[in-house]
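What follows is input24.cif (mmCIF, C-alpha atoms).
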```
data_entry
#
loop_
_atom_site.group_PDB
_atom_site.id
_atom_site.type_symbol
_atom_site.label_atom_id
_atom_site.label_comp_id
_atom_site.auth_asym_id
_atom_site.auth_seq_id
_atom_site.Cartn_x
_atom_site.Cartn_y
_atom_site.Cartn_z
ATOM 1 C CA MET A 849 122.508 -156.146 -14.128
ATOM 2 C CA ASP A 850 118.931 -157.128 -13.251
ATOM 3 C CA ASP A 851 119.491 -155.877 -9.745
ATOM 4 C CA PHE A 852 120.606 -152.509 -11.096
ATOM 5 C CA ARG A 853 117.568 -152.309 -13.392
ATOM 6 C CA ASN A 854 115.284 -153.224 -10.567
ATOM 7 C CA ARG A 855 116.762 -150.608 -8.263
ATOM 8 C CA HIS A 856 116.498 -148.062 -11.041
ATOM 9 C CA LYS A 857 112.852 -148.885 -11.699
ATOM 10 C CA LYS A 858 112.025 -148.665 -8.001
ATOM 11 C CA MET A 859 113.824 -145.369 -7.698
ATOM 12 C CA ARG A 860 111.893 -143.994 -10.649
ATOM 13 C CA ILE A 861 108.574 -144.989 -9.088
ATOM 14 C CA ILE A 862 109.474 -143.358 -5.763
ATOM 15 C CA LEU A 863 110.723 -140.130 -7.361
ATOM 16 C CA SER A 864 107.828 -139.873 -9.836
ATOM 17 C CA SER A 865 105.268 -140.379 -7.065
ATOM 18 C CA SER A 866 107.002 -137.786 -4.944
ATOM 19 C CA PHE A 867 107.110 -135.363 -7.878
ATOM 20 C CA LYS A 868 103.400 -135.865 -8.563
ATOM 21 C CA GLU A 869 102.551 -135.515 -4.896
ATOM 22 C CA LYS A 870 103.596 -131.853 -4.970
ATOM 23 C CA GLU A 871 100.550 -131.078 -7.143
ATOM 24 C CA LYS A 872 98.297 -131.427 -4.111
ATOM 25 C CA LEU A 873 99.670 -128.364 -2.307
ATOM 26 C CA LYS A 874 97.079 -125.600 -1.933
ATOM 27 C CA VAL A 875 97.647 -122.075 -3.227
ATOM 28 C CA SER A 876 95.521 -119.016 -2.348
ATOM 29 C CA ASN A 877 93.569 -117.092 -5.006
ATOM 30 C CA LYS A 878 95.064 -113.681 -4.233
ATOM 31 C CA TRP A 879 97.606 -113.901 -7.034
ATOM 32 C CA LYS A 880 94.813 -113.984 -9.630
ATOM 33 C CA ASP A 881 93.516 -110.534 -8.660
ATOM 34 C CA GLU A 882 97.074 -109.185 -8.614
ATOM 35 C CA THR A 883 97.717 -110.652 -12.069
ATOM 36 C CA MET A 884 94.567 -109.082 -13.498
ATOM 37 C CA ALA A 885 95.452 -105.728 -11.922
ATOM 38 C CA LYS A 886 98.903 -105.863 -13.526
ATOM 39 C CA ILE A 887 97.419 -106.838 -16.884
ATOM 40 C CA ARG A 888 94.950 -103.938 -16.778
ATOM 41 C CA GLY A 889 97.933 -101.655 -16.193
ATOM 42 C CA LEU A 890 99.683 -102.831 -19.346
ATOM 43 C CA ARG A 891 99.376 -100.957 -22.643
ATOM 44 C CA PRO A 892 96.787 -102.338 -25.085
ATOM 45 C CA LEU A 893 97.824 -105.279 -27.224
ATOM 46 C CA THR A 894 98.677 -104.623 -30.834
ATOM 47 C CA PRO A 895 98.327 -107.422 -33.367
ATOM 48 C CA VAL A 896 101.563 -108.749 -34.891
ATOM 49 C CA GLN A 897 102.066 -107.059 -38.258
ATOM 50 C CA LEU A 898 103.531 -108.652 -41.326
ATOM 51 C CA PRO A 899 106.618 -106.934 -42.839
ATOM 52 C CA TYR A 900 104.882 -105.829 -46.071
ATOM 53 C CA PHE A 901 102.060 -104.337 -44.034
ATOM 54 C CA ILE A 902 104.558 -102.364 -41.955
ATOM 55 C CA LEU A 903 106.311 -101.146 -45.129
ATOM 56 C CA GLU A 904 102.982 -100.129 -46.612
ATOM 57 C CA GLN A 905 102.145 -98.185 -43.467
ATOM 58 C CA ILE A 906 105.513 -96.447 -43.481
ATOM 59 C CA PHE A 907 105.012 -95.560 -47.146
ATOM 60 C CA PHE A 908 101.595 -94.000 -46.561
ATOM 61 C CA ARG A 909 102.687 -92.218 -43.398
ATOM 62 C CA PHE A 910 105.557 -90.500 -45.137
ATOM 63 C CA THR A 911 103.940 -89.854 -48.523
ATOM 64 C CA THR A 912 103.092 -86.200 -47.793
ATOM 65 C CA ALA A 913 106.484 -85.469 -46.301
ATOM 66 C CA VAL A 914 108.309 -87.126 -49.217
ATOM 67 C CA THR A 915 106.192 -85.286 -51.847
ATOM 68 C CA LEU A 916 106.751 -81.938 -50.175
ATOM 69 C CA SER A 917 110.496 -82.486 -49.867
ATOM 70 C CA LEU A 918 110.653 -83.554 -53.536
ATOM 71 C CA ILE A 919 108.840 -80.395 -54.659
ATOM 72 C CA ILE A 920 111.054 -78.177 -52.495
ATOM 73 C CA GLY A 921 114.179 -80.088 -53.540
ATOM 74 C CA LEU A 922 113.378 -79.887 -57.239
ATOM 75 C CA GLY A 923 112.546 -76.184 -56.950
ATOM 76 C CA PHE A 924 115.821 -75.640 -55.154
ATOM 77 C CA LEU A 925 117.753 -77.592 -57.802
ATOM 78 C CA GLU A 926 116.055 -75.582 -60.549
ATOM 79 C CA SER A 927 116.998 -72.288 -58.909
ATOM 80 C CA ILE A 928 120.577 -73.506 -58.530
ATOM 81 C CA ASP A 929 120.656 -74.429 -62.217
ATOM 82 C CA GLU A 930 119.282 -71.037 -63.165
ATOM 83 C CA HIS A 931 121.780 -69.329 -60.880
ATOM 84 C CA GLU A 932 124.665 -71.292 -62.363
ATOM 85 C CA ALA A 933 123.525 -70.603 -65.927
ATOM 86 C CA TYR A 934 123.195 -66.936 -65.076
ATOM 87 C CA GLN A 935 126.695 -66.929 -63.588
ATOM 88 C CA VAL A 936 128.176 -68.597 -66.669
ATOM 89 C CA PHE A 937 126.528 -66.166 -69.036
ATOM 90 C CA TYR A 938 127.373 -63.211 -66.855
ATOM 91 C CA GLU A 939 131.049 -64.082 -66.436
ATOM 92 C CA GLU A 940 131.480 -65.392 -69.959
ATOM 93 C CA PRO A 941 128.984 -63.668 -72.270
ATOM 94 C CA LEU A 942 127.886 -65.466 -75.413
ATOM 95 C CA ASP A 943 129.537 -62.875 -77.674
ATOM 96 C CA GLU A 944 132.953 -63.574 -76.214
ATOM 97 C CA TYR A 945 132.435 -67.264 -76.608
ATOM 98 C CA LEU A 946 131.477 -66.749 -80.219
ATOM 99 C CA ASN A 947 134.502 -64.520 -80.737
ATOM 100 C CA ASP A 948 136.735 -67.236 -79.314
ATOM 101 C CA SER A 949 135.133 -69.856 -81.442
ATOM 102 C CA LYS A 950 136.246 -67.995 -84.543
ATOM 103 C CA ARG A 951 139.799 -68.926 -83.712
ATOM 104 C CA ILE A 952 139.014 -72.584 -83.941
ATOM 105 C CA ASP A 953 140.300 -74.083 -87.117
ATOM 106 C CA ILE A 954 138.049 -76.648 -88.608
ATOM 107 C CA MET B 1495 77.711 -111.163 -23.199
ATOM 108 C CA LEU B 1496 79.595 -114.439 -23.092
ATOM 109 C CA ARG B 1497 78.180 -117.877 -23.790
ATOM 110 C CA LYS B 1498 78.303 -120.387 -20.932
ATOM 111 C CA ASP B 1499 81.376 -122.174 -22.271
ATOM 112 C CA PRO B 1500 83.016 -119.780 -24.709
ATOM 113 C CA ASP B 1501 85.594 -120.983 -27.196
ATOM 114 C CA ASP B 1502 89.198 -119.960 -26.413
ATOM 115 C CA ASN B 1503 89.695 -118.409 -29.837
ATOM 116 C CA GLU B 1504 86.567 -116.298 -29.384
ATOM 117 C CA LEU B 1505 87.887 -115.069 -26.023
ATOM 118 C CA ILE B 1506 91.316 -114.344 -27.492
ATOM 119 C CA ASP B 1507 89.787 -112.350 -30.346
ATOM 120 C CA ARG B 1508 87.868 -110.208 -27.882
ATOM 121 C CA ILE B 1509 90.963 -109.660 -25.713
ATOM 122 C CA LEU B 1510 92.907 -108.609 -28.787
ATOM 123 C CA LYS B 1511 90.153 -106.127 -29.603
ATOM 124 C CA GLY B 1512 90.762 -104.473 -26.229
ATOM 125 C CA GLU B 1513 88.405 -106.291 -23.831
ATOM 126 C CA VAL B 1514 91.130 -106.898 -21.251
ATOM 127 C CA ASN B 1515 88.745 -108.140 -18.540
ATOM 128 C CA ILE B 1516 87.826 -111.155 -20.690
ATOM 129 C CA TYR B 1517 91.310 -112.478 -19.891
ATOM 130 C CA ARG B 1518 89.965 -113.358 -16.448
ATOM 131 C CA PHE B 1519 87.972 -116.213 -18.077
ATOM 132 C CA LEU B 1520 91.134 -117.684 -19.569
ATOM 133 C CA LEU B 1521 92.947 -117.214 -16.267
ATOM 134 C CA ASN B 1522 90.228 -119.045 -14.327
ATOM 135 C CA LYS B 1523 89.966 -121.800 -16.903
ATOM 136 C CA TYR B 1524 93.688 -122.573 -17.164
ATOM 137 C CA GLU B 1525 94.817 -121.738 -13.635
ATOM 138 C CA PRO B 1526 94.748 -125.428 -12.547
ATOM 139 C CA VAL B 1527 96.892 -126.446 -15.543
ATOM 140 C CA VAL B 1528 99.526 -123.807 -14.837
ATOM 141 C CA LEU B 1529 99.557 -124.319 -11.069
ATOM 142 C CA LYS B 1530 99.929 -128.072 -11.522
ATOM 143 C CA ILE B 1531 103.070 -127.492 -13.595
ATOM 144 C CA LEU B 1532 104.522 -124.873 -11.265
ATOM 145 C CA LYS B 1533 103.832 -126.641 -7.970
ATOM 146 C CA LYS B 1534 105.767 -129.688 -9.123
ATOM 147 C CA ARG B 1535 108.757 -127.712 -10.346
ATOM 148 C CA LEU B 1536 109.226 -124.753 -8.036
ATOM 149 C CA PRO B 1537 109.678 -124.098 -4.331
ATOM 150 C CA PHE B 1538 106.146 -123.671 -2.945
ATOM 151 C CA GLU B 1539 106.705 -120.037 -1.856
ATOM 152 C CA GLN B 1540 107.571 -119.093 -5.452
ATOM 153 C CA VAL B 1541 104.533 -120.645 -7.139
ATOM 154 C CA GLU B 1542 102.188 -117.626 -6.940
ATOM 155 C CA GLU B 1543 104.833 -115.193 -8.168
ATOM 156 C CA VAL B 1544 105.782 -117.332 -11.166
ATOM 157 C CA ALA B 1545 102.086 -118.012 -11.923
ATOM 158 C CA GLN B 1546 101.647 -114.248 -12.293
ATOM 159 C CA VAL B 1547 104.661 -114.095 -14.601
ATOM 160 C CA VAL B 1548 103.268 -116.933 -16.728
ATOM 161 C CA PHE B 1549 99.851 -115.319 -17.221
ATOM 162 C CA ILE B 1550 101.331 -111.891 -17.900
ATOM 163 C CA LYS B 1551 103.776 -113.370 -20.426
ATOM 164 C CA ALA B 1552 100.907 -115.250 -22.084
ATOM 165 C CA TYR B 1553 98.816 -112.075 -22.243
ATOM 166 C CA GLU B 1554 101.651 -110.101 -23.805
ATOM 167 C CA SER B 1555 102.311 -112.890 -26.307
ATOM 168 C CA LEU B 1556 98.654 -113.298 -27.339
ATOM 169 C CA PRO B 1557 99.119 -111.342 -30.601
ATOM 170 C CA SER B 1558 101.749 -113.891 -31.693
ATOM 171 C CA TYR B 1559 99.680 -116.955 -30.677
ATOM 172 C CA ARG B 1560 99.320 -118.843 -33.964
ATOM 173 C CA ARG B 1561 96.390 -121.113 -32.926
ATOM 174 C CA GLN B 1562 98.052 -124.139 -34.545
ATOM 175 C CA SER B 1563 98.299 -125.867 -31.170
ATOM 176 C CA CYS B 1564 95.565 -125.591 -28.546
ATOM 177 C CA PHE B 1565 95.798 -122.773 -26.020
ATOM 178 C CA LYS B 1566 96.383 -125.223 -23.157
ATOM 179 C CA ASN B 1567 99.549 -126.613 -24.777
ATOM 180 C CA TRP B 1568 100.766 -123.144 -25.665
ATOM 181 C CA LEU B 1569 100.252 -121.955 -22.077
ATOM 182 C CA SER B 1570 101.869 -125.117 -20.650
ATOM 183 C CA SER B 1571 104.887 -124.437 -22.783
ATOM 184 C CA ILE B 1572 105.136 -120.897 -21.360
ATOM 185 C CA ALA B 1573 104.786 -122.280 -17.824
ATOM 186 C CA ILE B 1574 107.522 -124.891 -18.301
ATOM 187 C CA ARG B 1575 109.872 -122.362 -19.888
ATOM 188 C CA SER B 1576 109.206 -119.939 -17.014
ATOM 189 C CA CYS B 1577 110.226 -122.639 -14.522
ATOM 190 C CA TYR B 1578 113.357 -123.251 -16.548
ATOM 191 C CA ASP B 1579 114.114 -119.482 -16.505
ATOM 192 C CA PHE B 1580 113.529 -119.391 -12.746
ATOM 193 C CA TRP B 1581 116.086 -122.133 -12.136
ATOM 194 C CA ARG B 1582 118.538 -120.620 -14.606
ATOM 195 C CA VAL B 1583 118.522 -117.327 -12.689
ATOM 196 C CA ARG B 1584 118.915 -119.162 -9.388
ATOM 197 C CA TYR B 1585 121.704 -121.324 -10.768
ATOM 198 C CA LYS B 1586 123.559 -118.257 -12.062
ATOM 199 C CA LYS B 1587 123.233 -116.540 -8.697
ATOM 200 C CA LYS B 1588 124.331 -119.805 -7.061
ATOM 201 C CA GLU B 1589 121.229 -119.739 -4.867
ATOM 202 C CA VAL B 1590 120.582 -123.438 -5.324
ATOM 203 C CA ASN B 1591 120.937 -125.329 -2.072
ATOM 204 C CA ILE B 1592 123.056 -128.416 -2.658
ATOM 205 C CA SER B 1593 123.705 -129.493 0.885
ATOM 206 C CA SER B 1594 124.450 -133.149 1.414
ATOM 207 C CA ILE B 1595 121.700 -135.697 1.838
ATOM 208 C CA ALA B 1596 120.787 -136.468 5.436
ATOM 209 C CA GLU B 1597 121.917 -139.831 6.759
ATOM 210 C CA LYS B 1598 118.362 -140.736 7.777
ATOM 211 C CA ASP B 1599 117.139 -140.101 4.214
ATOM 212 C CA LYS B 1600 119.900 -142.300 2.832
ATOM 213 C CA GLU B 1601 118.894 -145.126 5.146
ATOM 214 C CA TRP B 1602 115.236 -144.586 4.260
ATOM 215 C CA LEU B 1603 116.077 -144.843 0.551
ATOM 216 C CA ASP B 1604 118.065 -148.056 0.982
ATOM 217 C CA LYS B 1605 115.173 -149.613 2.879
ATOM 218 C CA ALA B 1606 112.609 -148.397 0.339
ATOM 219 C CA LEU B 1607 114.553 -149.932 -2.530
ATOM 220 C CA LEU B 1608 114.340 -153.312 -0.843
ATOM 221 C CA GLU B 1609 110.548 -153.247 -1.092
ATOM 222 C CA GLN B 1610 109.137 -155.888 -3.416
ATOM 223 C CA SER B 1611 105.695 -154.407 -4.057
ATOM 224 C CA PHE B 1612 105.438 -151.510 -6.502
ATOM 225 C CA ASP B 1613 102.246 -150.269 -4.807
ATOM 226 C CA VAL B 1614 104.195 -149.762 -1.611
ATOM 227 C CA LEU B 1615 106.803 -147.809 -3.569
ATOM 228 C CA THR B 1616 104.148 -145.374 -4.826
ATOM 229 C CA LYS B 1617 103.074 -144.769 -1.234
ATOM 230 C CA LYS B 1618 106.703 -144.414 -0.192
ATOM 231 C CA GLY B 1619 107.028 -141.646 -2.769
ATOM 232 C CA GLN B 1620 104.456 -139.652 -0.836
ATOM 233 C CA GLU B 1621 106.549 -139.635 2.331
ATOM 234 C CA SER B 1622 108.560 -136.598 3.380
ATOM 235 C CA GLU B 1623 111.876 -138.476 3.040
ATOM 236 C CA ALA B 1624 111.146 -139.125 -0.637
ATOM 237 C CA ARG B 1625 110.410 -135.443 -1.207
ATOM 238 C CA GLU B 1626 113.673 -134.438 0.468
ATOM 239 C CA ILE B 1627 115.656 -136.891 -1.631
ATOM 240 C CA LEU B 1628 113.942 -135.667 -4.809
ATOM 241 C CA GLU B 1629 114.640 -131.995 -3.998
ATOM 242 C CA TRP B 1630 118.212 -132.769 -3.085
ATOM 243 C CA ALA B 1631 118.876 -134.787 -6.248
ATOM 244 C CA LEU B 1632 117.207 -132.269 -8.579
ATOM 245 C CA ASN B 1633 119.089 -129.355 -7.023
ATOM 246 C CA LYS B 1634 122.336 -131.068 -7.925
ATOM 247 C CA LEU B 1635 121.487 -130.860 -11.629
ATOM 248 C CA CYS B 1636 121.900 -127.861 -13.915
ATOM 249 C CA PRO B 1637 118.613 -126.200 -15.050
ATOM 250 C CA GLU B 1638 118.689 -127.857 -18.503
ATOM 251 C CA ASP B 1639 119.185 -131.358 -17.091
ATOM 252 C CA LYS B 1640 116.660 -130.740 -14.345
ATOM 253 C CA THR B 1641 113.965 -129.563 -16.783
ATOM 254 C CA VAL B 1642 114.440 -132.468 -19.193
ATOM 255 C CA LEU B 1643 114.635 -135.013 -16.398
ATOM 256 C CA GLU B 1644 111.373 -133.771 -14.889
ATOM 257 C CA LEU B 1645 109.569 -133.931 -18.211
ATOM 258 C CA ILE B 1646 110.854 -137.253 -19.500
ATOM 259 C CA TYR B 1647 111.976 -139.296 -16.503
ATOM 260 C CA LEU B 1648 109.487 -138.133 -13.886
ATOM 261 C CA GLU B 1649 106.427 -137.283 -15.971
ATOM 262 C CA GLY B 1650 106.859 -139.693 -18.870
ATOM 263 C CA PHE B 1651 106.694 -137.259 -21.792
ATOM 264 C CA SER B 1652 108.217 -138.424 -25.077
ATOM 265 C CA ASN B 1653 111.309 -136.723 -26.513
ATOM 266 C CA LYS B 1654 109.119 -135.111 -29.186
ATOM 267 C CA GLU B 1655 106.635 -133.740 -26.630
ATOM 268 C CA ALA B 1656 109.456 -132.414 -24.455
ATOM 269 C CA SER B 1657 111.055 -130.850 -27.512
ATOM 270 C CA ASP B 1658 107.793 -129.075 -28.422
ATOM 271 C CA LEU B 1659 107.211 -127.847 -24.880
ATOM 272 C CA LEU B 1660 110.722 -126.517 -24.443
ATOM 273 C CA GLY B 1661 111.213 -125.247 -27.979
ATOM 274 C CA TRP B 1662 114.509 -127.160 -28.186
ATOM 275 C CA GLY B 1663 115.667 -129.436 -30.989
ATOM 276 C CA ILE B 1664 114.860 -133.120 -30.523
ATOM 277 C CA ALA B 1665 118.578 -134.048 -30.615
ATOM 278 C CA LYS B 1666 119.312 -131.665 -27.736
ATOM 279 C CA VAL B 1667 116.457 -133.156 -25.700
ATOM 280 C CA LYS B 1668 117.697 -136.708 -26.346
ATOM 281 C CA VAL B 1669 121.259 -135.901 -25.330
ATOM 282 C CA ARG B 1670 120.137 -133.970 -22.236
ATOM 283 C CA SER B 1671 117.762 -136.736 -21.261
ATOM 284 C CA PHE B 1672 120.477 -139.387 -21.461
ATOM 285 C CA ARG B 1673 123.041 -137.282 -19.603
ATOM 286 C CA SER B 1674 120.648 -136.185 -16.879
ATOM 287 C CA ARG B 1675 119.624 -139.777 -16.177
ATOM 288 C CA LYS B 1676 123.256 -140.806 -15.908
ATOM 289 C CA LYS B 1677 123.902 -137.897 -13.558
ATOM 290 C CA LEU B 1678 120.913 -138.830 -11.418
ATOM 291 C CA GLU B 1679 122.130 -142.411 -11.185
ATOM 292 C CA LYS B 1680 125.507 -141.102 -10.057
ATOM 293 C CA ILE B 1681 123.998 -138.657 -7.558
ATOM 294 C CA LEU B 1682 121.808 -141.332 -6.028
ATOM 295 C CA ASN B 1683 124.651 -143.805 -6.183
ATOM 296 C CA LEU B 1684 122.539 -146.366 -8.028
ATOM 297 C CA ASN B 1685 125.488 -147.958 -9.777
ATOM 298 C CA TYR B 1686 126.581 -150.125 -6.928
#
```
Please, can you express the file's structure as structure tokens?
Amino acid sequence: MDDFRNRHKKMRIILSSSFKEKEKLKVSNKWKDETMAKIRGLRPLTPVQLPYFILEQIFFRFTTAVTLSLIIGLGFLESIDEHEAYQVFYEEPLDEYLNDSKRIDI
Amino acid sequence: MLRKDPDDNELIDRILKGEVNIYRFLLNKYEPVVLKILKKRLPFEQVEEVAQVVFIKAYESLPSYRRQSCFKNWLSSIAIRSCYDFWRVRYKKKEVNISSIAEKDKEWLDKALLEQSFDVLTKKGQESEAREILEWALNKLCPEDKTVLELIYLEGFSNKEASDLLGWGIAKVKVRSFRSRKKLEKILNLNY
């Protein structure tokens, strides 16, 4: 058991030293210029936005559009109502309705 | 104008405001940290390419940098995860060379393990045979095991530190660490 532990410890020292040794390899500086060139080519950074902030922005962005569509929609609904009321009165005049109502026994 | 030794947070604020060229200061300052991580973990010819990836990833992630940990740790974490991604892609493509260990390296290892002095062992680790054995053994492991083994077994990080750097749960790191050590023992035939 001790022999196994000893071998294991020795192996760890050898491998760790070898792993650390790789740090000493030299790398040129060209990659730094290339990295900066690529970064300059990227679109500007935008700060991370919180959900409520995004919602608020969406709300303000679409306020005009929503108000306009509400006005148009309501106007349209009103004209439909008027048209329907006109149709009802035209097809079934009030006099006839009143005449019919006379037949109703209370 | 920048002060002689500007604070990282000050630099980051200016980068976020659109002064992209300020990033060069961070790149110069933390280049040794990143290269140290990459050189140990990657094939030498890949180091420059992955270093670019690391700094570009860090730049793109700057808006989400929370400043709870120092910039060095945050960048180290990106570098380690990039190495892990590199090996994962290679492993998937089956580009990892797992040829058998050379007979001369095996003999060298047996002799080295008979050494009594630990100082000699450290020097032995700097020999080319040791490097070949290390590469060969690490290439036999899957990317997860390899990454955890490098952090904990070879560099001496704690489970908690490894967990923070990798963004994995501590239980996963513990299990991986145990398994990878067992696998390494088997690969290097240490159980005889």
Write out as number ranges by chain which residues come within 12 Å of B:Ser1576 when counting only C-alpha atoms, dropping same-chain ones fewer than 4 positions away. B: 1528, 1531-1532, 1535-1536, 1540-1541, 1543-1552, 1569-1572, 1580-1583, 1637, 1641, 1659-1660
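Residues selected in this file by the PyMOL selection byres ((chain B) within 7 of (chain A)) comprise Leu1510, Gly1512, Val1514, Arg1518, Lys1530, Lys1533, Lys1534, Glu1542, Gln1546, Ile1550, Pro1557, Ser1558, Leu1607, Leu1615, Thr1616, Lys1618, Gly1619, Gln1620, Ala1624, Arg1625, Leu1628, Leu1648, Glu1649, Leu1684 and Asn1685 of chain B.
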State, in Å with one decimal place, the distance from atom CA of A:Arg909 to atom CA of A:Leu922. 21.4 Å
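Across the structure, atom CA of B:Ile1516 and atom CA of B:Gln1562 are spaced 21.6 Å apart.
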Let me have the centre and edge lengths of the axis-aligned box enclosing all listed atoms of stretch 1549-1567 of chain B with 8 Å padding on every side, in Å to one decimal, as JSON.
```
{"center_x": 99.7, "center_y": -118.4, "center_z": -25.9, "size_x": 24.2, "size_y": 32.5, "size_z": 33.3}
```
Decode the PyMOL selection byres ((chain B and resi 1635) around 12) for the given file into explicit residues and return them as JSON, numbers by chain. {"B": [1581, 1582, 1585, 1590, 1591, 1592, 1628, 1629, 1630, 1631, 1632, 1633, 1634, 1636, 1637, 1638, 1639, 1640, 1641, 1642, 1643, 1644, 1670, 1671, 1673, 1674, 1675, 1676, 1677, 1678, 1679, 1680, 1681, 1682]}
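Interatomic distance, atom CA of B:Phe1565 against atom CA of B:Glu1513: 18.2 Å.
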Leaving out stretch 1500-1504 of chain B and any residue of its chain fewer than 4 positions from it, which residues lie within 8 Å of it when counting only C-alpha atoms, given as a PyMOL selection string? chain B and resi 1496+1508+1520+1561+1565
